[in-house]
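The block underneath contains the structure these notes are about, expressed in structure tokens.
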Amino acid sequence: MKREMTSSNHAPRQPVKEFLRTLHANFGHNAETIGPDACAVLDTIDLNSRIISEIRTILAAGYCETDGQKKICTELLEEVFTDFSLAMYLCTIGLIVPARMSVRRGFELALATVYMWDLPHEYWGWRNRDQDLSFSAMVTHLNSVGYLEYLAQLHKVRSVAPICDQAKFQGIYRELSNTVHGKISELPALSPARFVVDKNGVEKHLKATAEAQLIIIQLFFGRFQELQPKIEAAFPQIKRV
């Protein structure tokens, strides 16, 4: 005998707009219930985002020598700032998965900014010819003997330390990519609790965002001479973070 399907286990259907308004109200409530520990991390993320924005301003004003570098500042770094800011908001309202996806995008774009700064053919191929960039290849390049020698010549010193911690960059990228590829080991259980900030471990995910921002900022400090003291002068509180 054929079994009939019923909807007895589901709530009555709401008009779509009403349903969306309910979701919006629930997510807004999450933002209001963020605890003090998570708020402290939010302050750090906001500071890091403002530092990234200031880095863009400083580079645009004093470091650009080509049209490509100007576009990197006005386009890519603005995207990095937006991605991290959006990730902070999404995490705060309980949308952990899209937040981590946004962090991954900002993290990768920031690395690409430094990578392509000195490789105009990579930038224009990526921008205008839809050529893909490999995260591993970018990290390997920034740790190569030739690139470090280039920086030494650029800064007029005998040698420079690596500006990119390869293991740390790869580790953060792998964790964020797991989210993009549907792996859920780093996420709370798939239940209504995933979207409630006092149950979904939001502080841990916010800390991961702040860590990703911090090593990106350090990467910029390593590549661009005299950038760090300018940022520290503009944001004295950075030394206390």
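Each chain in the structure tokens gets a letter, A, B and so on, in the order shown; residues start at 1 in every chain, and ligands are counted from 1 in the order they appear.
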
#### Entry: Surrounding residues of Ser144 (chain A) excluding itself and chain neighbours under 6 positions, 10 Å, only C-alpha atoms, as a PyMOL selection string
chain A and resi 138+150+162

#### Entry: Contacts of Val103 (chain A) within 9 Å, only C-alpha atoms, excl. fewer than 6 positions in-chain, as a count of residues only
11

### Task
Could you jot down the CA of Ala112 (chain A) to CA of Leu133 (chain A) separation for me, Å, one decimal place?
7.9 Å

### Message
I need the residues in region 26-193 of chain A that are alpha helix (DSSP H) according to DSSP; give them as a ChimeraX atom specification.
### Response
/A:26-32,36-62,67-71,77-92,96-117,120-128,135-142,145-155,166-180

### Summary
Closest of A:Glu122, A:Glu203, A:Glu226, A:Glu108 to Asp37 (chain A), counting only C-alpha atoms, is A:Glu203

### Message
Excluding Ile52 (chain A) and its own-chain neighbours fewer than 2 positions away, which residues fall within 8 Å of it when counting only C-alpha atoms? Please give them as a ChimeraX atom specification.
### Response
/A:48-50,54-56,77,80-81,217

### Message
Set the distance at 10 Å and use only C-alpha atoms: which residues neighbour His155 (chain A) once local chain neighbours fewer than 5 positions away are removed? I'd like the list as a list of chain:residue names.
### Response
A:Glu149, A:Tyr150, A:Val160, A:Arg223, A:Phe224, A:Gln225

#### Entry: Residue contacts of Phe235 (chain A) (10 Å, only C-alpha atoms) excluding same-chain residues fewer than 3 positions away, as a list in words
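These residues fall inside the cut-off: Leu47, Asn48, Arg50, Ile51, Glu54, Pro229, Lys230, Ile231, Glu232, Ile238 and Lys239 of chain A.
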
#### Entry: Length of the CA of Val41 (chain A) to CA of Gly222 (chain A) vector [Å]
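Those two atoms sit 24.5 Å apart.
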
### Message
Set the distance at 12 Å and use only C-alpha atoms: which residues neighbour Tyr147 (chain A) once local chain neighbours fewer than 6 positions away are removed? I'd like the list as number ranges by chain.
### Response
A: 114-115, 118-119, 138-141, 153-154, 159-164, 223

#### Entry: Shortest interatomic distance to Val180 (chain A) - which of A:Gln237, A:Ser85, A:Asn143, A:Ser102, counting only C-alpha atoms
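Smallest separation from Val180 (chain A) among the options: A:Ser102.
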
### Residue with smallest distance to Glu32 (chain A) - pool A:Leu59, A:Val197, A:Leu142, A:Met101, counting only C-alpha atoms
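Looking only at the distances to Glu32 (chain A), the closest residue turns out to be A:Val197.
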
### Query
Out of A:Thr92, A:Gln14, A:Gln170, A:Ser53, which residue has the shortest atom-to-atom distance to Ile34 (chain A) when counting only C-alpha atoms?
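Among the listed residues, the smallest separation from Ile34 (chain A) belongs to A:Thr92.
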
### Query
So how far away is CA of Pro98 (chain A) from CA of His29 (chain A), in Å?
18.2 Å
